[in-house]
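*Asks:* Sharing my_file03.pdb (PDB, C-alpha atoms) below.
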MODEL        1
ATOM      1  CA  MET A   1       0.000   0.000   0.000  1.00  0.00           C
ATOM      2  CA  LEU A   2       1.080   3.605  -0.408  1.00  0.00           C
ATOM      3  CA  ARG A   3       2.560   4.953   2.819  1.00  0.00           C
ATOM      4  CA  CYS A   4       4.312   8.134   3.938  1.00  0.00           C
ATOM      5  CA  TYR A   5       6.670   9.823   1.486  1.00  0.00           C
ATOM      6  CA  GLY A   6       4.913   8.059  -1.382  1.00  0.00           C
ATOM      7  CA  LEU A   7       6.721   4.727  -0.893  1.00  0.00           C
ATOM      8  CA  LEU A   8       5.010   1.456  -1.710  1.00  0.00           C
ATOM      9  CA  VAL A   9       5.043  -1.397   0.785  1.00  0.00           C
ATOM     10  CA  LEU A  10       5.403  -4.409  -1.493  1.00  0.00           C
ATOM     11  CA  LEU A  11       2.782  -7.118  -1.303  1.00  0.00           C
ATOM     12  CA  PRO A  12       3.860 -10.773  -1.189  1.00  0.00           C
ATOM     13  CA  PHE A  13       4.725 -12.423  -4.494  1.00  0.00           C
ATOM     14  CA  GLY A  14       1.604 -13.797  -6.132  1.00  0.00           C
ATOM     15  CA  ALA A  15      -0.660 -11.280  -4.414  1.00  0.00           C
ATOM     16  CA  LEU A  16      -0.932  -9.106  -7.512  1.00  0.00           C
ATOM     17  CA  CYS A  17      -4.353  -9.489  -9.091  1.00  0.00           C
ATOM     18  CA  THR A  18      -6.652  -6.951 -10.683  1.00  0.00           C
ATOM     19  CA  ALA A  19      -8.526  -4.438  -8.592  1.00  0.00           C
ATOM     20  CA  ALA A  20     -11.777  -5.940  -9.894  1.00  0.00           C
ATOM     21  CA  GLU A  21     -10.743  -9.373  -8.586  1.00  0.00           C
ATOM     22  CA  GLN A  22     -10.050  -8.093  -5.093  1.00  0.00           C
ATOM     23  CA  ALA A  23     -12.794  -7.115  -2.666  1.00  0.00           C
ATOM     24  CA  CYS A  24     -13.136  -3.363  -2.317  1.00  0.00           C
ATOM     25  CA  ASP A  25     -15.795  -2.933   0.332  1.00  0.00           C
ATOM     26  CA  SER A  26     -13.621  -0.871   2.656  1.00  0.00           C
ATOM     27  CA  ALA A  27     -11.021   1.851   2.262  1.00  0.00           C
ATOM     28  CA  ALA A  28      -8.295  -0.577   3.351  1.00  0.00           C
ATOM     29  CA  GLN A  29      -9.352  -3.200   0.797  1.00  0.00           C
ATOM     30  CA  CYS A  30      -9.464  -0.601  -1.982  1.00  0.00           C
ATOM     31  CA  ASN A  31      -6.004   0.584  -0.949  1.00  0.00           C
ATOM     32  CA  GLN A  32      -4.691  -2.968  -1.238  1.00  0.00           C
ATOM     33  CA  ALA A  33      -6.376  -3.548  -4.599  1.00  0.00           C
ATOM     34  CA  GLY A  34      -5.133  -0.254  -6.005  1.00  0.00           C
ATOM     35  CA  SER A  35      -1.613  -0.816  -4.690  1.00  0.00           C
ATOM     36  CA  ALA A  36      -1.506  -4.220  -6.385  1.00  0.00           C
ATOM     37  CA  ALA A  37      -2.551  -2.691  -9.700  1.00  0.00           C
ATOM     38  CA  TYR A  38      -0.067   0.169  -9.232  1.00  0.00           C
ATOM     39  CA  GLN A  39       2.826  -2.191  -8.662  1.00  0.00           C
ATOM     40  CA  ALA A  40       1.841  -4.142 -11.767  1.00  0.00           C
ATOM     41  CA  GLY A  41       1.822  -0.971 -13.879  1.00  0.00           C
ATOM     42  CA  ARG A  42      -1.943  -1.008 -14.403  1.00  0.00           C
ATOM     43  CA  TYR A  43      -2.349   2.634 -13.505  1.00  0.00           C
ATOM     44  CA  SER A  44      -5.878   3.251 -14.791  1.00  0.00           C
ATOM     45  CA  GLU A  45      -7.058   0.285 -12.732  1.00  0.00           C
ATOM     46  CA  ALA A  46      -5.160   1.586  -9.724  1.00  0.00           C
ATOM     47  CA  ILE A  47      -6.759   5.020 -10.105  1.00  0.00           C
ATOM     48  CA  ALA A  48     -10.247   3.483 -10.184  1.00  0.00           C
ATOM     49  CA  ALA A  49      -9.537   1.533  -6.977  1.00  0.00           C
ATOM     50  CA  PHE A  50      -8.049   4.573  -5.246  1.00  0.00           C
ATOM     51  CA  GLU A  51     -11.115   6.628  -6.188  1.00  0.00           C
ATOM     52  CA  ARG A  52     -13.236   3.983  -4.460  1.00  0.00           C
ATOM     53  CA  GLN A  53     -10.861   4.167  -1.498  1.00  0.00           C
ATOM     54  CA  LEU A  54     -11.458   7.912  -1.318  1.00  0.00           C
ATOM     55  CA  ARG A  55     -15.239   7.510  -1.453  1.00  0.00           C
ATOM     56  CA  ARG A  56     -15.075   5.071   1.455  1.00  0.00           C
ATOM     57  CA  SER A  57     -12.948   7.394   3.569  1.00  0.00           C
ATOM     58  CA  GLU A  58     -14.314  10.913   2.913  1.00  0.00           C
ATOM     59  CA  GLU A  59     -16.752  10.892   5.828  1.00  0.00           C
ATOM     60  CA  GLY A  60     -14.462   9.024   8.202  1.00  0.00           C
ATOM     61  CA  ASP A  61     -10.775   8.714   8.991  1.00  0.00           C
ATOM     62  CA  ALA A  62      -8.788  11.771   7.841  1.00  0.00           C
ATOM     63  CA  ALA A  63      -5.595   9.700   7.691  1.00  0.00           C
ATOM     64  CA  GLN A  64      -7.217   7.215   5.315  1.00  0.00           C
ATOM     65  CA  GLN A  65      -8.568  10.078   3.212  1.00  0.00           C
ATOM     66  CA  GLU A  66      -5.103  11.621   2.955  1.00  0.00           C
ATOM     67  CA  LEU A  67      -3.671   8.236   2.013  1.00  0.00           C
ATOM     68  CA  ALA A  68      -6.245   7.848  -0.773  1.00  0.00           C
ATOM     69  CA  LEU A  69      -5.524  11.335  -2.144  1.00  0.00           C
ATOM     70  CA  ASN A  70      -1.777  10.691  -2.178  1.00  0.00           C
ATOM     71  CA  ASN A  71      -2.400   7.346  -3.853  1.00  0.00           C
ATOM     72  CA  LEU A  72      -4.332   9.177  -6.573  1.00  0.00           C
ATOM     73  CA  LEU A  73      -1.613  11.797  -6.914  1.00  0.00           C
ATOM     74  CA  LEU A  74       1.112   9.191  -7.402  1.00  0.00           C
ATOM     75  CA  ALA A  75      -0.939   6.958  -9.708  1.00  0.00           C
ATOM     76  CA  ASN A  76      -1.783   9.878 -11.984  1.00  0.00           C
ATOM     77  CA  LEU A  77       1.881  10.914 -12.067  1.00  0.00           C
ATOM     78  CA  LYS A  78       2.809   7.390 -13.118  1.00  0.00           C
ATOM     79  CA  ALA A  79       0.041   7.445 -15.729  1.00  0.00           C
ATOM     80  CA  GLY A  80       1.600  10.580 -17.257  1.00  0.00           C
ATOM     81  CA  ASP A  81      -1.072  13.036 -16.098  1.00  0.00           C
ATOM     82  CA  PRO A  82       0.592  15.534 -13.742  1.00  0.00           C
ATOM     83  CA  GLY A  83      -2.285  17.980 -14.173  1.00  0.00           C
ATOM     84  CA  MET A  84      -4.707  15.484 -12.664  1.00  0.00           C
ATOM     85  CA  ALA A  85      -2.186  14.660  -9.960  1.00  0.00           C
ATOM     86  CA  ARG A  86      -2.124  18.367  -9.123  1.00  0.00           C
ATOM     87  CA  ALA A  87      -5.929  18.397  -8.793  1.00  0.00           C
ATOM     88  CA  TRP A  88      -5.832  15.599  -6.206  1.00  0.00           C
ATOM     89  CA  LEU A  89      -3.107  17.418  -4.291  1.00  0.00           C
ATOM     90  CA  GLU A  90      -5.266  20.540  -4.181  1.00  0.00           C
ATOM     91  CA  VAL A  91      -8.157  18.534  -2.724  1.00  0.00           C
ATOM     92  CA  ALA A  92      -5.863  17.357   0.064  1.00  0.00           C
ATOM     93  CA  LEU A  93      -4.635  20.881   0.774  1.00  0.00           C
ATOM     94  CA  ASP A  94      -8.146  22.354   0.677  1.00  0.00           C
ATOM     95  CA  ASN A  95      -9.151  19.834   3.343  1.00  0.00           C
ATOM     96  CA  GLY A  96      -6.208  20.657   5.587  1.00  0.00           C
ATOM     97  CA  LEU A  97      -4.486  17.326   4.933  1.00  0.00           C
ATOM     98  CA  GLN A  98      -0.822  18.289   5.097  1.00  0.00           C
ATOM     99  CA  GLY A  99       0.959  15.260   6.530  1.00  0.00           C
ATOM    100  CA  PRO A 100       4.454  14.009   5.602  1.00  0.00           C
ATOM    101  CA  ALA A 101       3.281  12.163   2.481  1.00  0.00           C
ATOM    102  CA  THR A 102       1.413  15.189   1.139  1.00  0.00           C
ATOM    103  CA  ARG A 103       4.382  17.476   1.761  1.00  0.00           C
ATOM    104  CA  HIS A 104       6.796  15.063   0.109  1.00  0.00           C
ATOM    105  CA  ASN A 105       4.562  14.436  -2.894  1.00  0.00           C
ATOM    106  CA  MET A 106       4.069  18.173  -3.364  1.00  0.00           C
ATOM    107  CA  GLY A 107       7.764  18.309  -4.218  1.00  0.00           C
ATOM    108  CA  LYS A 108       7.474  15.371  -6.609  1.00  0.00           C
ATOM    109  CA  LEU A 109       4.581  17.045  -8.375  1.00  0.00           C
ATOM    110  CA  ALA A 110       6.378  20.393  -8.614  1.00  0.00           C
ATOM    111  CA  ALA A 111       9.252  18.627 -10.394  1.00  0.00           C
ATOM    112  CA  ALA A 112       6.884  16.980 -12.876  1.00  0.00           C
ATOM    113  CA  LEU A 113       4.439  19.804 -13.686  1.00  0.00           C
ATOM    114  CA  ASP A 114       5.289  22.981 -15.600  1.00  0.00           C
ATOM    115  CA  TYR A 115       3.307  25.454 -13.487  1.00  0.00           C
ATOM    116  CA  PRO A 116       4.344  28.596 -15.447  1.00  0.00           C
ATOM    117  CA  ALA A 117       3.152  27.048 -18.711  1.00  0.00           C
ATOM    118  CA  LEU A 118      -0.096  25.933 -17.091  1.00  0.00           C
ATOM    119  CA  ALA A 119      -0.763  29.438 -15.776  1.00  0.00           C
ATOM    120  CA  ALA A 120       0.270  31.306 -18.938  1.00  0.00           C
ATOM    121  CA  THR A 121      -3.149  31.380 -20.626  1.00  0.00           C
ATOM    122  CA  VAL A 122      -6.784  31.243 -19.579  1.00  0.00           C
ATOM    123  CA  GLU A 123      -7.435  28.522 -22.165  1.00  0.00           C
ATOM    124  CA  GLY A 124      -7.602  24.978 -20.929  1.00  0.00           C
ATOM    125  CA  HIS A 125      -9.338  22.293 -18.922  1.00  0.00           C
ATOM    126  CA  TYR A 126     -10.322  23.003 -15.309  1.00  0.00           C
ATOM    127  CA  LEU A 127     -11.824  20.744 -12.638  1.00  0.00           C
ATOM    128  CA  ARG A 128     -13.882  21.488  -9.521  1.00  0.00           C
ATOM    129  CA  TYR A 129     -14.097  18.734  -6.939  1.00  0.00           C
ATOM    130  CA  ALA A 130     -17.656  17.520  -6.389  1.00  0.00           C
ATOM    131  CA  GLY A 131     -16.947  14.969  -3.653  1.00  0.00           C
ATOM    132  CA  GLN A 132     -17.162  11.176  -3.843  1.00  0.00           C
ATOM    133  CA  GLY A 133     -14.163  11.073  -6.196  1.00  0.00           C
ATOM    134  CA  ALA A 134     -16.097  12.972  -8.899  1.00  0.00           C
ATOM    135  CA  TRP A 135     -15.423  16.242 -10.703  1.00  0.00           C
ATOM    136  CA  SER A 136     -17.278  19.048 -12.445  1.00  0.00           C
ATOM    137  CA  SER A 137     -15.403  20.550 -15.369  1.00  0.00           C
ATOM    138  CA  LEU A 138     -14.879  23.870 -17.107  1.00  0.00           C
ATOM    139  CA  ASP A 139     -13.331  24.149 -20.575  1.00  0.00           C
ATOM    140  CA  ILE A 140     -12.197  27.384 -22.187  1.00  0.00           C
ATOM    141  CA  GLN A 141     -11.031  27.621 -25.803  1.00  0.00           C
ATOM    142  CA  ARG A 142     -10.077  30.635 -27.887  1.00  0.00           C
ATOM    143  CA  GLN A 143     -12.656  31.584 -30.504  1.00  0.00           C
ATOM    144  CA  GLY A 144     -11.975  34.647 -32.631  1.00  0.00           C
ATOM    145  CA  ASN A 145     -11.241  37.608 -30.373  1.00  0.00           C
ATOM    146  CA  GLY A 146     -12.733  35.887 -27.341  1.00  0.00           C
ATOM    147  CA  TYR A 147     -13.195  32.473 -25.790  1.00  0.00           C
ATOM    148  CA  ARG A 148     -15.822  29.763 -25.856  1.00  0.00           C
ATOM    149  CA  VAL A 149     -16.732  28.405 -22.412  1.00  0.00           C
ATOM    150  CA  PHE A 150     -18.303  25.055 -21.563  1.00  0.00           C
ATOM    151  CA  PHE A 151     -19.340  24.115 -18.002  1.00  0.00           C
ATOM    152  CA  SER A 152     -20.224  20.504 -17.119  1.00  0.00           C
ATOM    153  CA  PRO A 153     -21.319  20.670 -13.468  1.00  0.00           C
ATOM    154  CA  LEU A 154     -22.481  17.715 -11.419  1.00  0.00           C
ATOM    155  CA  ARG A 155     -23.703  16.987  -7.913  1.00  0.00           C
ATOM    156  CA  ALA A 156     -22.227  13.700  -6.805  1.00  0.00           C
ATOM    157  CA  GLY A 157     -24.698  12.447  -4.202  1.00  0.00           C
ATOM    158  CA  ALA A 158     -24.110   9.548  -1.821  1.00  0.00           C
ATOM    159  CA  GLN A 159     -24.859   6.703  -4.266  1.00  0.00           C
ATOM    160  CA  ILE A 160     -22.761   7.701  -7.242  1.00  0.00           C
ATOM    161  CA  GLU A 161     -21.308   4.204  -7.657  1.00  0.00           C
ATOM    162  CA  GLU A 162     -24.752   2.633  -7.859  1.00  0.00           C
ATOM    163  CA  TYR A 163     -26.702   5.249  -9.797  1.00  0.00           C
ATOM    164  CA  GLY A 164     -24.286   7.863 -11.103  1.00  0.00           C
ATOM    165  CA  PRO A 165     -24.373  11.555 -10.151  1.00  0.00           C
ATOM    166  CA  ALA A 166     -27.406  12.864  -8.319  1.00  0.00           C
ATOM    167  CA  ALA A 167     -27.642  15.778 -10.772  1.00  0.00           C
ATOM    168  CA  ILE A 168     -25.830  16.989 -13.874  1.00  0.00           C
ATOM    169  CA  GLY A 169     -25.932  20.157 -15.916  1.00  0.00           C
ATOM    170  CA  GLU A 170     -24.560  21.902 -18.983  1.00  0.00           C
ATOM    171  CA  LEU A 171     -23.890  25.606 -19.477  1.00  0.00           C
ATOM    172  CA  ASN A 172     -22.230  27.151 -22.539  1.00  0.00           C
ATOM    173  CA  GLY A 173     -21.317  30.715 -23.336  1.00  0.00           C
ATOM    174  CA  SER A 174     -18.521  33.092 -24.198  1.00  0.00           C
ATOM    175  CA  ILE A 175     -16.116  35.443 -22.454  1.00  0.00           C
ATOM    176  CA  SER A 176     -13.943  38.226 -23.823  1.00  0.00           C
ATOM    177  CA  GLY A 177     -11.085  40.411 -22.665  1.00  0.00           C
ATOM    178  CA  THR A 178      -7.684  39.748 -21.163  1.00  0.00           C
ATOM    179  CA  GLY A 179      -8.775  39.025 -17.595  1.00  0.00           C
ATOM    180  CA  PRO A 180      -8.357  38.389 -14.821  1.00  0.00           C
ATOM    181  CA  HIS A 181     -12.102  39.091 -14.527  1.00  0.00           C
ATOM    182  CA  PHE A 182     -14.529  37.738 -17.120  1.00  0.00           C
ATOM    183  CA  SER A 183     -18.332  37.727 -17.390  1.00  0.00           C
ATOM    184  CA  LEU A 184     -20.173  34.841 -19.017  1.00  0.00           C
ATOM    185  CA  ASN A 185     -22.217  35.976 -22.028  1.00  0.00           C
ATOM    186  CA  GLU A 186     -24.471  34.337 -24.608  1.00  0.00           C
ATOM    187  CA  ALA A 187     -25.343  31.557 -22.161  1.00  0.00           C
ATOM    188  CA  GLY A 188     -29.136  31.800 -22.381  1.00  0.00           C
ATOM    189  CA  LEU A 189     -29.494  32.681 -18.709  1.00  0.00           C
ATOM    190  CA  ALA A 190     -32.450  34.607 -17.340  1.00  0.00           C
ATOM    191  CA  ALA A 191     -32.067  38.312 -16.566  1.00  0.00           C
ATOM    192  CA  GLY A 192     -30.042  38.884 -13.425  1.00  0.00           C
ATOM    193  CA  CYS A 193     -28.518  35.391 -13.482  1.00  0.00           C
ATOM    194  CA  ALA A 194     -24.919  36.504 -13.860  1.00  0.00           C
ATOM    195  CA  VAL A 195     -21.901  34.166 -13.859  1.00  0.00           C
ATOM    196  CA  GLU A 196     -18.532  35.800 -13.159  1.00  0.00           C
ATOM    197  CA  LEU A 197     -15.082  34.231 -13.549  1.00  0.00           C
ATOM    198  CA  LEU A 198     -11.866  35.305 -11.838  1.00  0.00           C
ATOM    199  CA  TRP A 199      -8.746  33.820 -13.399  1.00  0.00           C
ATOM    200  CA  ASN A 200      -5.733  33.388 -11.134  1.00  0.00           C
ATOM    201  CA  GLY A 201      -3.108  31.535 -13.141  1.00  0.00           C
ATOM    202  CA  ALA A 202      -3.675  27.841 -12.564  1.00  0.00           C
ATOM    203  CA  ASP A 203      -6.977  28.451 -10.762  1.00  0.00           C
ATOM    204  CA  MET A 204     -10.378  29.808 -11.736  1.00  0.00           C
ATOM    205  CA  ARG A 205     -12.910  31.139  -9.231  1.00  0.00           C
ATOM    206  CA  VAL A 206     -16.510  31.193 -10.416  1.00  0.00           C
ATOM    207  CA  LEU A 207     -19.355  33.128  -8.787  1.00  0.00           C
ATOM    208  CA  GLU A 208     -22.973  33.003  -9.873  1.00  0.00           C
ATOM    209  CA  ALA A 209     -26.278  34.507  -8.895  1.00  0.00           C
ATOM    210  CA  PHE A 210     -28.719  32.075  -7.319  1.00  0.00           C
ATOM    211  CA  GLY A 211     -32.421  32.267  -7.957  1.00  0.00           C
ATOM    212  CA  GLU A 212     -35.482  30.339  -9.042  1.00  0.00           C
ATOM    213  CA  GLU A 213     -34.523  30.547 -12.732  1.00  0.00           C
ATOM    214  CA  CYS A 214     -30.756  30.883 -12.512  1.00  0.00           C
ATOM    215  CA  GLN A 215     -29.801  27.204 -12.248  1.00  0.00           C
ATOM    216  CA  ALA A 216     -32.159  25.992 -14.966  1.00  0.00           C
ATOM    217  CA  TYR A 217     -29.169  24.519 -16.816  1.00  0.00           C
ATOM    218  CA  GLY A 218     -29.194  21.342 -14.708  1.00  0.00           C
ATOM    219  CA  GLY A 219     -30.834  19.147 -12.108  1.00  0.00           C
ATOM    220  CA  ALA A 220     -31.730  19.910  -8.504  1.00  0.00           C
ATOM    221  CA  GLY A 221     -28.929  21.418  -6.456  1.00  0.00           C
ATOM    222  CA  ILE A 222     -26.679  22.030  -9.458  1.00  0.00           C
ATOM    223  CA  SER A 223     -24.253  24.957  -9.599  1.00  0.00           C
ATOM    224  CA  VAL A 224     -21.179  26.094 -11.511  1.00  0.00           C
ATOM    225  CA  ALA A 225     -19.850  28.224  -8.635  1.00  0.00           C
ATOM    226  CA  GLY A 226     -16.628  27.365  -6.846  1.00  0.00           C
ATOM    227  CA  ARG A 227     -12.891  26.934  -7.264  1.00  0.00           C
ATOM    228  CA  TYR A 228     -11.562  25.132 -10.334  1.00  0.00           C
ATOM    229  CA  TYR A 229      -8.045  23.706 -10.663  1.00  0.00           C
ATOM    230  CA  LYS A 230      -6.463  23.931 -14.094  1.00  0.00           C
ATOM    231  CA  THR A 231      -5.146  20.529 -15.192  1.00  0.00           C
ATOM    232  CA  SER A 232      -4.271  21.171 -18.846  1.00  0.00           C
ATOM    233  CA  SER A 233      -3.829  24.037 -21.273  1.00  0.00           C
ATOM    234  CA  ALA A 234      -5.918  22.167 -23.835  1.00  0.00           C
ATOM    235  CA  ALA A 235      -9.727  22.402 -23.631  1.00  0.00           C
ATOM    236  CA  ARG A 236     -11.708  19.163 -23.952  1.00  0.00           C
ATOM    237  CA  PHE A 237     -14.807  19.988 -25.962  1.00  0.00           C
TER     238      PHE A 237
ENDMDL
END
Show the structure stored in the file as structure tokens.
*Replies:*
Amino acid sequence: MLRCYGLLVLLPFGALCTAAEQACDSAAQCNQAGSAAYQAGRYSEAIAAFERQLRRSEEGDAAQQELALNNLLLANLKAGDPGMARAWLEVALDNGLQGPATRHNMGKLAAALDYPALAATVEGHYLRYAGQGAWSSLDIQRQGNGYRVFFSPLRAGAQIEEYGPAAIGELNGSISGTGPHFSLNEAGLAAGCAVELLWNGADMRVLEAFGEECQAYGGAGISVAGRYYKTSSAARF
């Protein structure tokens, strides 16, 4: 399993089987299944198991939650996705999880991710953590003299593994200017339902007006407001 400072405690020879073949009813079992897949180089399988580990630990043991987040950070680094690794690190930091493993892996991530390049332009793919190992997304792509914006918000809910997200939405529009402040336009929102974006390098803060007609772009409890972590300079439309 993944322990402090990002080191793997090796499982006995012959213990490596797929995450799907191992029971994953508890955070500890998911940690074992994901660690086995990680050691075998099956990183996408490891990530799936570690996401389940996180879901099973979010409302309980903070140490197990921090372990799951560091597992996800390291597995995404190994899978060649430092931007996603950075997103998991930010979740840990936002939750005050700053133990030895998190501090050590922050250095590993800094060596692997080109932060200045990531922060150089507003264009790109951003993620906002929705809980339960799930993410809402924001994509921004240059279009003419402005940018096209695509929000894909979701509300995770407690039974996301069984039934999927409790609510999803979709909101498209445009922004213009050089920032750091942008207003969402051409989104089909009702009068007074403003959405404002504040770009801060590798982060985006989004504020929106709340009202009876303002969140008509999705299901109950949906919203695009919050902090988004930039994971890539390429939008994913």
*Asks:* For Ala40 of chain A, which residue out of A:Lys78, A:Ala27, A:Ala63, A:Ser176 is the nearest one, using all atoms listed in the file?
*Replies:*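 Using all atoms listed in the file, Ala40 of chain A sits closest to A:Lys78.
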*Asks:* Hey, can you pull every residue with an atom no more than 9 Å from (-5.2, 8.2, -5.9), using only C-alpha atoms, and send it as number ranges by chain?
*Replies:* A: 34, 46-51, 53-54, 67-76, 85, 88
*Asks:* Take atom CA of Glu58 of chain A and atom CA of Gln132 of chain A and report the distance between them in Å, one decimal.
*Replies:*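 Pair atom CA of Glu58 of chain A / atom CA of Gln132 of chain A returns 7.3 Å.
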*Asks:* Please report the interatomic distance between atom CA of Val195 of chain A and atom CA of Gln159 of chain A in Å with one decimal.
*Replies:*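 Answer for the atom CA of Val195 of chain A to atom CA of Gln159 of chain A separation: 29.2 Å.
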*Asks:* Go through the shown structure with the PyMOL selection byres ((chain A and resi 137-152) around 8) and write out the matching residues as an NGL selection string.
*Replies:* :A and (122-128 or 135-136 or 153-154 or 168-177 or 224 or 228 or 234-237)
*Asks:* Would you mind reading off the distance between atom CA of Gly157 of chain A and atom CA of Leu207 of chain A, one decimal, in Å?
*Replies:*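 Distance reported for this atom pair: 21.8 Å.
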*Asks:* Taking only C-alpha atoms into account, which of A:Arg56, A:Leu118, A:Glu66, A:Ala191 comes nearest Ser26 of chain A?
*Replies:*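 Once distances to Ser26 of chain A are computed over only C-alpha atoms, the minimum belongs to A:Arg56.
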*Asks:* Neighbourhood query: residues within 10 Å of (-10.9, 30.3, -9.0), file coordinates, counting only C-alpha atoms; return as JSON, numbers by chain.
*Replies:* {"A": [126, 128, 197, 198, 199, 200, 201, 202, 203, 204, 205, 206, 207, 225, 226, 227, 228, 229, 230]}
*Asks:* Name the residues that the PyMOL selection byres ((chain A and resi 112) around 12) picks from the file above, as a PDB file with C-alpha atoms, keeping the file's coordinate frame, using the file's chain letters and numbers.
*Replies:*
ATOM      1  CA  LEU A  73      -1.613  11.797  -6.914  1.00  0.00           C
ATOM      2  CA  LEU A  74       1.112   9.191  -7.402  1.00  0.00           C
ATOM      3  CA  ASN A  76      -1.783   9.878 -11.984  1.00  0.00           C
ATOM      4  CA  LEU A  77       1.881  10.914 -12.067  1.00  0.00           C
ATOM      5  CA  LYS A  78       2.809   7.390 -13.118  1.00  0.00           C
ATOM      6  CA  GLY A  80       1.600  10.580 -17.257  1.00  0.00           C
ATOM      7  CA  ASP A  81      -1.072  13.036 -16.098  1.00  0.00           C
ATOM      8  CA  PRO A  82       0.592  15.534 -13.742  1.00  0.00           C
ATOM      9  CA  GLY A  83      -2.285  17.980 -14.173  1.00  0.00           C
ATOM     10  CA  MET A  84      -4.707  15.484 -12.664  1.00  0.00           C
ATOM     11  CA  ALA A  85      -2.186  14.660  -9.960  1.00  0.00           C
ATOM     12  CA  ARG A  86      -2.124  18.367  -9.123  1.00  0.00           C
ATOM     13  CA  ASN A 105       4.562  14.436  -2.894  1.00  0.00           C
ATOM     14  CA  MET A 106       4.069  18.173  -3.364  1.00  0.00           C
ATOM     15  CA  GLY A 107       7.764  18.309  -4.218  1.00  0.00           C
ATOM     16  CA  LYS A 108       7.474  15.371  -6.609  1.00  0.00           C
ATOM     17  CA  LEU A 109       4.581  17.045  -8.375  1.00  0.00           C
ATOM     18  CA  ALA A 110       6.378  20.393  -8.614  1.00  0.00           C
ATOM     19  CA  ALA A 111       9.252  18.627 -10.394  1.00  0.00           C
ATOM     20  CA  LEU A 113       4.439  19.804 -13.686  1.00  0.00           C
ATOM     21  CA  ASP A 114       5.289  22.981 -15.600  1.00  0.00           C
ATOM     22  CA  TYR A 115       3.307  25.454 -13.487  1.00  0.00           C
TER      23      TYR A 115
END
*Asks:* So what does the PyMOL selection byres ((chain A and resi 219) around 7) actually pick up in this one, as a list of chain:residue names?
*Replies:* A:Ala167, A:Ile168, A:Gly169, A:Gly218, A:Ala220, A:Gly221, A:Ile222
*Asks:* Smallest atom-to-atom distance to Glu59 of chain A: which of A:Ala134, A:Leu184, A:Leu89, A:Ala158, using only C-alpha atoms?
*Replies:*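 Counting only C-alpha atoms, the residue closest to Glu59 of chain A is A:Ala158.
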*Asks:* Please fill the gaps in segment 219-223 of chain A so it has all heavy atoms, and write that as a PDB file, in the frame of the given file.
*Replies:*
ATOM      1  N   GLY A 219     -29.924  19.737 -13.065  1.00  0.00           N
ATOM      2  CA  GLY A 219     -30.834  19.147 -12.108  1.00  0.00           C
ATOM      3  C   GLY A 219     -30.806  19.840 -10.764  1.00  0.00           C
ATOM      4  O   GLY A 219     -30.088  20.820 -10.552  1.00  0.00           O
ATOM      5  N   ALA A 220     -31.572  19.307  -9.822  1.00  0.00           N
ATOM      6  CA  ALA A 220     -31.730  19.910  -8.504  1.00  0.00           C
ATOM      7  C   ALA A 220     -30.383  20.031  -7.793  1.00  0.00           C
ATOM      8  O   ALA A 220     -29.594  19.094  -7.772  1.00  0.00           O
ATOM      9  CB  ALA A 220     -32.689  19.078  -7.655  1.00  0.00           C
ATOM     10  N   GLY A 221     -30.141  21.206  -7.220  1.00  0.00           N
ATOM     11  CA  GLY A 221     -28.929  21.418  -6.456  1.00  0.00           C
ATOM     12  C   GLY A 221     -27.689  21.654  -7.284  1.00  0.00           C
ATOM     13  O   GLY A 221     -26.577  21.680  -6.751  1.00  0.00           O
ATOM     14  N   ILE A 222     -27.841  21.859  -8.575  1.00  0.00           N
ATOM     15  CA  ILE A 222     -26.679  22.030  -9.458  1.00  0.00           C
ATOM     16  C   ILE A 222     -26.167  23.465  -9.372  1.00  0.00           C
ATOM     17  O   ILE A 222     -26.919  24.395  -9.093  1.00  0.00           O
ATOM     18  CB  ILE A 222     -27.032  21.663 -10.914  1.00  0.00           C
ATOM     19  CG1 ILE A 222     -25.811  21.144 -11.666  1.00  0.00           C
ATOM     20  CG2 ILE A 222     -27.685  22.817 -11.635  1.00  0.00           C
ATOM     21  CD1 ILE A 222     -25.339  19.788 -11.216  1.00  0.00           C
ATOM     22  N   SER A 223     -24.867  23.633  -9.608  1.00  0.00           N
ATOM     23  CA  SER A 223     -24.253  24.957  -9.599  1.00  0.00           C
ATOM     24  C   SER A 223     -22.917  24.884 -10.323  1.00  0.00           C
ATOM     25  O   SER A 223     -22.267  23.834 -10.343  1.00  0.00           O
ATOM     26  CB  SER A 223     -24.035  25.429  -8.155  1.00  0.00           C
ATOM     27  OG  SER A 223     -23.245  26.607  -8.116  1.00  0.00           O
TER      28      SER A 223
END
